[in-house]
$ cat input04.txt   # compact mmCIF, C-alpha atoms and all ligand atoms
# COMPACT_ATOMS: atom_id res chain seq x y z
CA MET Y 1108 98.00 105.40 91.83
CA ASN Y 1109 99.24 108.88 91.07
CA LEU Y 1110 101.13 109.83 87.91
CA ILE Y 1111 103.13 113.01 88.45
CA GLY Y 1112 104.52 115.05 85.58
CA ALA Y 1113 103.73 117.33 82.65
CA PRO Y 1114 101.51 116.18 79.81
CA LEU Y 1115 103.90 116.75 76.87
CA SER Y 1116 106.69 114.54 78.23
CA PRO Y 1117 107.10 111.34 76.17
CA PHE Y 1118 108.00 109.47 79.37
CA VAL Y 1119 104.85 110.61 81.17
CA ARG Y 1120 102.83 109.69 78.06
CA LYS Y 1121 104.38 106.19 78.04
CA VAL Y 1122 103.05 105.51 81.53
CA ARG Y 1123 99.69 107.13 80.84
CA VAL Y 1124 99.19 105.03 77.69
CA TYR Y 1125 100.18 101.85 79.55
CA LEU Y 1126 97.65 102.61 82.32
CA GLU Y 1127 94.94 103.25 79.70
CA GLU Y 1128 95.75 100.06 77.82
CA ARG Y 1129 95.36 98.04 81.01
CA ASN Y 1130 92.34 99.97 82.30
CA ILE Y 1131 94.15 100.78 85.55
CA PRO Y 1132 92.57 103.78 87.30
CA PHE Y 1133 94.96 106.60 88.21
CA THR Y 1134 95.07 110.24 89.16
CA ALA Y 1135 97.34 112.75 87.43
CA GLU Y 1136 99.27 115.54 89.12
CA MET Y 1137 101.25 118.32 87.50
CA ALA Y 1138 105.02 118.68 88.07
CA LEU Y 1139 107.53 120.36 85.81
CA PRO Y 1140 110.76 118.60 84.79
CA GLY Y 1141 113.64 119.61 87.05
CA SER Y 1142 111.29 120.95 89.75
CA ASN Y 1143 113.05 121.62 93.05
CA ASP Y 1144 109.91 121.25 95.10
CA PRO Y 1145 111.08 119.19 98.13
CA GLU Y 1146 107.99 116.92 98.10
CA PHE Y 1147 108.57 116.16 94.40
CA ARG Y 1148 112.30 115.55 94.98
CA LYS Y 1149 111.44 112.98 97.65
CA LEU Y 1150 109.58 111.03 94.96
CA SER Y 1151 112.00 111.81 92.13
CA PRO Y 1152 115.56 112.27 93.45
CA LEU Y 1153 116.89 113.19 89.99
CA GLY Y 1154 114.10 115.72 89.45
CA LYS Y 1155 112.88 113.91 86.34
CA ILE Y 1156 109.30 113.26 85.29
CA PRO Y 1157 107.36 111.09 85.59
CA ALA Y 1158 107.25 110.37 89.28
CA PHE Y 1159 104.69 107.81 90.34
CA THR Y 1160 103.20 106.62 93.61
CA ASP Y 1161 101.15 103.60 94.54
CA GLY Y 1162 100.47 103.83 98.26
CA ASP Y 1163 103.91 103.84 99.89
CA VAL Y 1164 105.72 102.83 96.70
CA ALA Y 1165 107.40 105.73 94.87
CA ILE Y 1166 109.07 105.27 91.47
CA SER Y 1167 110.66 107.84 89.17
CA ASP Y 1168 111.54 106.18 85.90
CA SER Y 1169 109.01 105.29 83.20
CA SER Y 1170 110.52 101.87 82.41
CA VAL Y 1171 110.68 100.95 86.10
CA ILE Y 1172 107.07 102.08 86.56
CA LEU Y 1173 105.96 99.80 83.69
CA ALA Y 1174 107.99 96.88 85.09
CA TYR Y 1175 106.35 97.46 88.51
CA LEU Y 1176 102.87 97.54 86.98
CA GLU Y 1177 103.57 94.32 85.04
CA ALA Y 1178 104.73 92.62 88.24
CA LYS Y 1179 101.79 93.92 90.24
CA ASN Y 1180 99.00 93.29 87.74
CA GLY Y 1181 100.30 90.25 85.87
CA ALA Y 1182 102.46 90.37 82.73
CA ALA Y 1183 100.44 91.67 79.78
CA LEU Y 1184 102.54 94.09 77.73
CA VAL Y 1185 105.98 92.54 78.29
CA PRO Y 1186 106.24 89.12 76.60
CA GLU Y 1187 107.49 86.20 78.69
CA GLN Y 1188 109.34 84.34 75.94
CA PRO Y 1189 113.01 85.42 76.42
CA ALA Y 1190 113.83 86.57 72.88
CA GLN Y 1191 110.54 88.47 72.62
CA LEU Y 1192 111.08 90.00 76.07
CA ALA Y 1193 114.55 91.19 75.04
CA ARG Y 1194 113.22 92.64 71.77
CA ALA Y 1195 110.37 94.45 73.56
CA LEU Y 1196 112.66 95.96 76.21
CA TRP Y 1197 115.22 96.92 73.56
CA PHE Y 1198 112.68 98.93 71.57
CA GLU Y 1199 111.30 100.54 74.73
CA GLU Y 1200 114.88 101.63 75.47
CA TYR Y 1201 115.45 102.75 71.87
CA GLY Y 1202 112.46 105.11 72.20
CA ASP Y 1203 113.74 106.41 75.55
CA SER Y 1204 117.27 107.03 74.26
CA ALA Y 1205 117.91 107.37 70.50
CA GLU Y 1206 114.48 108.73 69.65
CA PHE Y 1207 114.37 111.00 72.70
CA ASP Y 1208 117.77 112.49 71.87
CA ILE Y 1209 116.86 113.37 68.28
CA PHE Y 1210 113.09 113.96 68.39
CA ILE Y 1211 112.71 115.68 71.74
CA ALA Y 1212 116.10 117.04 72.91
CA GLY Y 1213 117.13 117.84 69.32
CA ILE Y 1214 113.87 119.08 67.76
CA PHE Y 1215 110.75 119.36 69.97
CA PHE Y 1216 112.39 121.04 72.94
CA PRO Y 1217 114.44 123.69 71.08
CA GLN Y 1218 111.72 124.34 68.50
CA VAL Y 1219 108.54 124.28 70.61
CA VAL Y 1220 109.38 124.48 74.33
CA ALA Y 1221 112.52 126.63 74.66
CA PRO Y 1222 111.23 129.67 72.73
CA ARG Y 1223 108.10 129.69 74.90
CA LEU Y 1224 110.09 129.13 78.10
CA HIS Y 1225 112.92 131.57 77.43
CA GLY Y 1226 111.28 133.96 74.95
CA THR Y 1227 114.10 133.37 72.46
CA GLU Y 1228 114.10 132.47 68.76
CA PRO Y 1229 114.59 128.74 68.01
CA ASP Y 1230 118.20 127.78 67.21
CA SER Y 1231 117.44 126.76 63.61
CA SER Y 1232 120.89 125.46 62.70
CA ALA Y 1233 121.00 123.08 65.72
CA ILE Y 1234 117.45 121.92 64.98
CA GLU Y 1235 118.32 121.30 61.31
CA LYS Y 1236 121.21 119.05 62.39
CA SER Y 1237 118.76 116.88 64.33
CA VAL Y 1238 116.22 116.92 61.48
CA ALA Y 1239 119.01 115.64 59.22
CA ARG Y 1240 119.40 112.66 61.57
CA LEU Y 1241 115.74 111.59 61.31
CA PRO Y 1242 116.36 109.26 58.33
CA GLU Y 1243 118.81 107.16 60.38
CA VAL Y 1244 116.04 106.43 62.91
CA PHE Y 1245 113.36 106.00 60.25
CA ASP Y 1246 115.56 103.62 58.18
CA TYR Y 1247 116.32 101.49 61.22
CA LEU Y 1248 112.68 101.21 62.29
CA GLU Y 1249 111.49 100.61 58.71
CA GLY Y 1250 113.80 97.58 58.61
CA GLU Y 1251 112.46 96.24 61.91
CA ILE Y 1252 108.72 96.67 61.35
CA ASN Y 1253 106.64 93.98 59.77
CA GLY Y 1254 103.02 94.74 60.41
CA GLU Y 1255 100.97 96.33 63.13
CA PHE Y 1256 103.28 95.63 66.10
CA LEU Y 1257 107.02 95.39 66.71
CA VAL Y 1258 107.00 92.19 68.78
CA ALA Y 1259 104.89 89.04 69.07
CA ASP Y 1260 101.97 90.21 66.89
CA ARG Y 1261 100.43 92.15 69.76
CA LEU Y 1262 100.85 95.43 71.58
CA THR Y 1263 103.85 95.50 73.91
CA VAL Y 1264 105.88 98.13 75.74
CA ALA Y 1265 107.99 98.28 72.57
CA ASP Y 1266 105.15 99.94 70.67
CA ILE Y 1267 104.31 102.33 73.50
CA GLY Y 1268 107.98 103.30 73.96
CA VAL Y 1269 108.74 103.69 70.25
CA VAL Y 1270 105.60 105.62 69.29
CA SER Y 1271 105.40 108.01 72.26
CA PRO Y 1272 108.31 110.19 71.00
CA PHE Y 1273 106.70 110.26 67.53
CA VAL Y 1274 103.85 112.26 69.11
CA ASN Y 1275 106.31 115.05 70.04
CA LEU Y 1276 107.88 114.82 66.61
CA GLN Y 1277 104.43 115.28 65.06
CA TYR Y 1278 103.78 118.30 67.31
CA ALA Y 1279 107.02 119.76 65.93
CA GLY Y 1280 105.74 119.25 62.36
CA HIS Y 1281 107.66 116.13 61.29
CA GLN Y 1282 106.54 112.62 60.47
CA PRO Y 1283 107.92 109.79 58.33
CA ASP Y 1284 107.08 110.24 54.66
CA SER Y 1285 104.92 107.24 53.68
CA ALA Y 1286 106.51 107.16 50.21
CA LYS Y 1287 109.99 106.59 51.72
CA TRP Y 1288 109.11 104.71 54.91
CA PRO Y 1289 105.75 103.02 54.17
CA LYS Y 1290 105.87 100.39 56.92
CA LEU Y 1291 106.95 102.87 59.59
CA ALA Y 1292 104.38 105.52 58.57
CA SER Y 1293 101.53 103.03 58.67
CA TYR Y 1294 102.77 101.45 61.93
CA VAL Y 1295 103.06 104.81 63.73
CA ALA Y 1296 99.63 105.95 62.50
CA GLY Y 1297 98.07 102.65 63.64
CA ILE Y 1298 99.53 102.78 67.16
CA MET Y 1299 98.76 106.50 67.53
CA ALA Y 1300 95.12 105.80 66.56
CA ARG Y 1301 94.62 103.48 69.54
CA PRO Y 1302 92.17 104.86 72.14
CA SER Y 1303 95.01 104.95 74.73
CA PHE Y 1304 97.16 107.29 72.62
CA ARG Y 1305 94.13 109.32 71.54
CA ALA Y 1306 93.14 109.85 75.19
CA ALA Y 1307 96.67 110.98 76.10
CA MET Y 1308 96.88 113.31 73.10
CA SER Y 1309 93.46 114.78 73.82
CA ASP Y 1310 94.56 115.56 77.40
CA GLU Y 1311 97.71 117.20 75.99
CA ALA Y 1312 95.90 119.37 73.44
CA GLU Y 1313 95.48 122.34 75.77
CA ALA Y 1314 99.13 122.24 76.91
CA MET Y 1315 100.26 122.03 73.28
CA GLN Y 1316 98.05 124.97 72.26
CA LYS Y 1317 99.53 127.08 75.06
CA MET Y 1318 103.02 126.00 74.03
CA ALA Y 1319 102.36 126.98 70.42
CA GLY Y 1320 101.30 130.39 71.75
N1 LIG C 1401 114.73 107.62 82.32
C1 LIG C 1401 113.68 108.54 82.67
C2 LIG C 1401 113.84 109.81 81.85
C3 LIG C 1401 112.85 110.89 82.28
C4 LIG C 1401 113.22 112.25 81.71
O1 LIG C 1401 114.35 112.48 81.23
N2 LIG C 1401 112.27 113.18 81.77
C5 LIG C 1401 112.58 114.54 81.37
C6 LIG C 1401 111.34 115.23 80.79
S1 LIG C 1401 110.82 114.58 79.26
C7 LIG C 1401 112.96 115.33 82.61
O2 LIG C 1401 112.30 115.24 83.62
N3 LIG C 1401 114.02 116.14 82.52
C8 LIG C 1401 114.41 117.01 83.59
C9 LIG C 1401 115.84 116.88 83.97
O3 LIG C 1401 116.56 116.07 83.34
O4 LIG C 1401 116.24 117.61 84.88
C10 LIG C 1401 112.32 107.88 82.44
O5 LIG C 1401 112.25 106.94 81.62
O6 LIG C 1401 111.33 108.25 83.09
$ encode --input "input04.txt" --output "structure tokens"
Amino acid sequence: MNLIGAPLSPFVRKVRVYLEERNIPFTAEMALPGSNDPEFRKLSPLGKIPAFTDGDVAISDSSVILAYLEAKNGAALVPEQPAQLARALWFEEYGDSAEFDIFIAGIFFPQVVAPRLHGTEPDSSAIEKSVARLPEVFDYLEGEINGEFLVADRLTVADIGVVSPFVNLQYAGHQPDSAKWPKLASYVAGIMARPSFRAAMSDEAEAMQKMAG
């Protein structure tokens, strides 16, 4: 199995963490988001990362990759009980959409990546608008969390999908204040302390250092 992408992407991290959690061996290959390399485009028609191959099977969406791995290896991180399954997939999607839009597109990318990529100053007023939206995400999650995991008292794709974007947010210097969002702060710290997340973050350290200049 080959995971293709760049280490700081929350979507690449989602897949990497899943593979670690299930002890599935894989190789990792570098590709930048939006790459026009024809070989990469064959695997990822939209040019997005991650792309993923398993023999002849090529997949280019993190949620589809996790669904494939659940089907191939036996369900482990997606609950079977319908209401729990829906809740787990909802939170995975919430991480991929609402959190991605504010944490990564709104803060991490313009603050950390764009200045390095384009040699320009960060657009502080646009970033501040996204920072001002953090409480709406934090309030929502605080109301949904009751303990160590979001669903079924065990790790699911919900936790991987929700916490992965918090890693980028932390790289950009933001995290939920434990005085205001105690359940969320403790939940995020607990999931991020898992060996799977620690391994991903340790692999990313060099890329993050380069990004920070
Ligand atoms: N739905 C996709 C989203 C992947 C995605 O948007 N990746 C970003 C990088 S974090 C990307 O490749 N962007 C390049 C582009 O949109 O051209 C997934 O879950 O894998």
$ axis_aligned_box --input "input04.txt" --around "ligand LIG 1401 (chain C)" --padding-each-side "8 Å" --output "lines of an AutoDock Vina configuration file"
center_x = 113.7
center_y = 112.3
center_z = 82.1
size_x = 21.7
size_y = 26.7
size_z = 21.6
$ residues_near_ligand --input "input04.txt" --ligand "ligand LIG 1401 (chain C)" --cutoff "6 Å" --atoms "all atoms listed in the file" --output "list in words"
Ser1116, Pro1117, Phe1118, Pro1140, Gly1141, Gly1154, Lys1155, Ile1156, Pro1157, Asp1168, Ser1169 and Ser1170 of chain Y
$ closest_residue --input "input04.txt" --among "Y:Leu1224, Y:Ala1158, Y:Ile1209, Y:Leu1241" --to "Y:Trp1288" --atoms "only C-alpha atoms"
Y:Leu1241
$ closest_residue --input "input04.txt" --among "Y:Ala1183, Y:Ala1279, Y:Ala1113, Y:Leu1153" --to "Y:Leu1139" --atoms "all atoms listed in the file"
Y:Ala1113
$ closest_residue --input "input04.txt" --among "Y:Met1315, Y:Leu1257, Y:Ala1292, Y:Ala1286" --to "Y:Phe1245" --atoms "all atoms listed in the file"
Y:Ala1292
$ closest_residue --input "input04.txt" --among "Y:Glu1187, Y:Glu1136, Y:Asp1161, Y:Asp1203" --to "Y:Ser1271" --atoms "only C-alpha atoms"
Y:Asp1203
$ decode --input "input04.txt" --residues "stretch 1219-1251 of chain Y" --atoms "N, CA and C atoms" --output "PDB file, in the first residue's frame"
ATOM      1  N   VAL Y1219       0.923  30.028   7.560  1.00  0.00           N
ATOM      2  CA  VAL Y1219       2.163  29.245   7.601  1.00  0.00           C
ATOM      3  C   VAL Y1219       2.659  28.884   6.198  1.00  0.00           C
ATOM      4  N   VAL Y1220       1.748  28.441   5.321  1.00  0.00           N
ATOM      5  CA  VAL Y1220       2.191  27.899   4.023  1.00  0.00           C
ATOM      6  C   VAL Y1220       2.369  28.998   2.977  1.00  0.00           C
ATOM      7  N   ALA Y1221       1.364  29.863   2.821  1.00  0.00           N
ATOM      8  CA  ALA Y1221       1.406  30.840   1.716  1.00  0.00           C
ATOM      9  C   ALA Y1221       2.619  31.776   1.788  1.00  0.00           C
ATOM     10  N   PRO Y1222       2.957  32.315   2.971  1.00  0.00           N
ATOM     11  CA  PRO Y1222       4.125  33.204   2.998  1.00  0.00           C
ATOM     12  C   PRO Y1222       5.400  32.490   2.541  1.00  0.00           C
ATOM     13  N   ARG Y1223       5.526  31.226   2.914  1.00  0.00           N
ATOM     14  CA  ARG Y1223       6.708  30.443   2.531  1.00  0.00           C
ATOM     15  C   ARG Y1223       6.696  30.152   1.022  1.00  0.00           C
ATOM     16  N   LEU Y1224       5.486  29.842   0.531  1.00  0.00           N
ATOM     17  CA  LEU Y1224       5.323  29.469  -0.881  1.00  0.00           C
ATOM     18  C   LEU Y1224       5.479  30.672  -1.797  1.00  0.00           C
ATOM     19  N   HIS Y1225       4.871  31.794  -1.403  1.00  0.00           N
ATOM     20  CA  HIS Y1225       4.828  32.956  -2.302  1.00  0.00           C
ATOM     21  C   HIS Y1225       5.762  34.084  -1.849  1.00  0.00           C
ATOM     22  N   GLY Y1226       6.394  33.925  -0.696  1.00  0.00           N
ATOM     23  CA  GLY Y1226       7.290  34.974  -0.199  1.00  0.00           C
ATOM     24  C   GLY Y1226       6.563  36.265   0.124  1.00  0.00           C
ATOM     25  N   THR Y1227       5.275  36.151   0.510  1.00  0.00           N
ATOM     26  CA  THR Y1227       4.501  37.357   0.838  1.00  0.00           C
ATOM     27  C   THR Y1227       4.201  37.387   2.342  1.00  0.00           C
ATOM     28  N   GLU Y1228       3.798  38.551   2.829  1.00  0.00           N
ATOM     29  CA  GLU Y1228       3.386  38.659   4.237  1.00  0.00           C
ATOM     30  C   GLU Y1228       2.011  38.009   4.403  1.00  0.00           C
ATOM     31  N   PRO Y1229       1.755  37.360   5.560  1.00  0.00           N
ATOM     32  CA  PRO Y1229       0.414  36.794   5.786  1.00  0.00           C
ATOM     33  C   PRO Y1229      -0.655  37.884   5.751  1.00  0.00           C
ATOM     34  N   ASP Y1230      -1.838  37.517   5.219  1.00  0.00           N
ATOM     35  CA  ASP Y1230      -2.961  38.457   5.166  1.00  0.00           C
ATOM     36  C   ASP Y1230      -3.660  38.442   6.541  1.00  0.00           C
ATOM     37  N   SER Y1231      -3.156  39.310   7.450  1.00  0.00           N
ATOM     38  CA  SER Y1231      -3.596  39.229   8.854  1.00  0.00           C
ATOM     39  C   SER Y1231      -5.084  39.453   9.031  1.00  0.00           C
ATOM     40  N   SER Y1232      -5.686  40.350   8.233  1.00  0.00           N
ATOM     41  CA  SER Y1232      -7.097  40.643   8.496  1.00  0.00           C
ATOM     42  C   SER Y1232      -7.971  39.443   8.093  1.00  0.00           C
ATOM     43  N   ALA Y1233      -7.609  38.746   6.994  1.00  0.00           N
ATOM     44  CA  ALA Y1233      -8.366  37.543   6.606  1.00  0.00           C
ATOM     45  C   ALA Y1233      -8.175  36.452   7.656  1.00  0.00           C
ATOM     46  N   ILE Y1234      -6.949  36.308   8.137  1.00  0.00           N
ATOM     47  CA  ILE Y1234      -6.677  35.265   9.144  1.00  0.00           C
ATOM     48  C   ILE Y1234      -7.468  35.559  10.416  1.00  0.00           C
ATOM     49  N   GLU Y1235      -7.488  36.831  10.826  1.00  0.00           N
ATOM     50  CA  GLU Y1235      -8.228  37.199  12.054  1.00  0.00           C
ATOM     51  C   GLU Y1235      -9.711  36.855  11.944  1.00  0.00           C
ATOM     52  N   LYS Y1236     -10.262  37.003  10.731  1.00  0.00           N
ATOM     53  CA  LYS Y1236     -11.689  36.652  10.554  1.00  0.00           C
ATOM     54  C   LYS Y1236     -11.909  35.157  10.824  1.00  0.00           C
ATOM     55  N   SER Y1237     -10.980  34.334  10.387  1.00  0.00           N
ATOM     56  CA  SER Y1237     -11.111  32.898  10.646  1.00  0.00           C
ATOM     57  C   SER Y1237     -10.865  32.586  12.119  1.00  0.00           C
ATOM     58  N   VAL Y1238      -9.893  33.269  12.718  1.00  0.00           N
ATOM     59  CA  VAL Y1238      -9.629  33.052  14.157  1.00  0.00           C
ATOM     60  C   VAL Y1238     -10.890  33.390  14.963  1.00  0.00           C
ATOM     61  N   ALA Y1239     -11.598  34.420  14.524  1.00  0.00           N
ATOM     62  CA  ALA Y1239     -12.827  34.827  15.231  1.00  0.00           C
ATOM     63  C   ALA Y1239     -13.923  33.763  15.115  1.00  0.00           C
ATOM     64  N   ARG Y1240     -13.779  32.871  14.135  1.00  0.00           N
ATOM     65  CA  ARG Y1240     -14.797  31.806  13.970  1.00  0.00           C
ATOM     66  C   ARG Y1240     -14.450  30.545  14.766  1.00  0.00           C
ATOM     67  N   LEU Y1241     -13.264  30.502  15.371  1.00  0.00           N
ATOM     68  CA  LEU Y1241     -12.894  29.289  16.121  1.00  0.00           C
ATOM     69  C   LEU Y1241     -13.895  28.946  17.222  1.00  0.00           C
ATOM     70  N   PRO Y1242     -14.395  29.946  17.991  1.00  0.00           N
ATOM     71  CA  PRO Y1242     -15.327  29.589  19.074  1.00  0.00           C
ATOM     72  C   PRO Y1242     -16.568  28.844  18.591  1.00  0.00           C
ATOM     73  N   GLU Y1243     -17.027  29.111  17.355  1.00  0.00           N
ATOM     74  CA  GLU Y1243     -18.242  28.408  16.901  1.00  0.00           C
ATOM     75  C   GLU Y1243     -17.966  26.898  16.755  1.00  0.00           C
ATOM     76  N   VAL Y1244     -16.747  26.565  16.300  1.00  0.00           N
ATOM     77  CA  VAL Y1244     -16.370  25.144  16.198  1.00  0.00           C
ATOM     78  C   VAL Y1244     -16.141  24.559  17.599  1.00  0.00           C
ATOM     79  N   PHE Y1245     -15.411  25.308  18.413  1.00  0.00           N
ATOM     80  CA  PHE Y1245     -15.085  24.813  19.757  1.00  0.00           C
ATOM     81  C   PHE Y1245     -16.360  24.610  20.586  1.00  0.00           C
ATOM     82  N   ASP Y1246     -17.304  25.566  20.492  1.00  0.00           N
ATOM     83  CA  ASP Y1246     -18.564  25.440  21.262  1.00  0.00           C
ATOM     84  C   ASP Y1246     -19.322  24.184  20.825  1.00  0.00           C
ATOM     85  N   TYR Y1247     -19.401  23.998  19.510  1.00  0.00           N
ATOM     86  CA  TYR Y1247     -20.137  22.834  18.994  1.00  0.00           C
ATOM     87  C   TYR Y1247     -19.513  21.534  19.513  1.00  0.00           C
ATOM     88  N   LEU Y1248     -18.191  21.415  19.366  1.00  0.00           N
ATOM     89  CA  LEU Y1248     -17.538  20.169  19.779  1.00  0.00           C
ATOM     90  C   LEU Y1248     -17.613  19.982  21.301  1.00  0.00           C
ATOM     91  N   GLU Y1249     -17.476  21.074  22.048  1.00  0.00           N
ATOM     92  CA  GLU Y1249     -17.568  20.981  23.516  1.00  0.00           C
ATOM     93  C   GLU Y1249     -18.914  20.360  23.925  1.00  0.00           C
ATOM     94  N   GLY Y1250     -19.962  20.733  23.194  1.00  0.00           N
ATOM     95  CA  GLY Y1250     -21.298  20.213  23.497  1.00  0.00           C
ATOM     96  C   GLY Y1250     -21.495  18.754  23.090  1.00  0.00           C
ATOM     97  N   GLU Y1251     -20.629  18.263  22.211  1.00  0.00           N
ATOM     98  CA  GLU Y1251     -20.783  16.899  21.698  1.00  0.00           C
ATOM     99  C   GLU Y1251     -19.876  15.887  22.404  1.00  0.00           C
TER     100      GLU Y1251
END
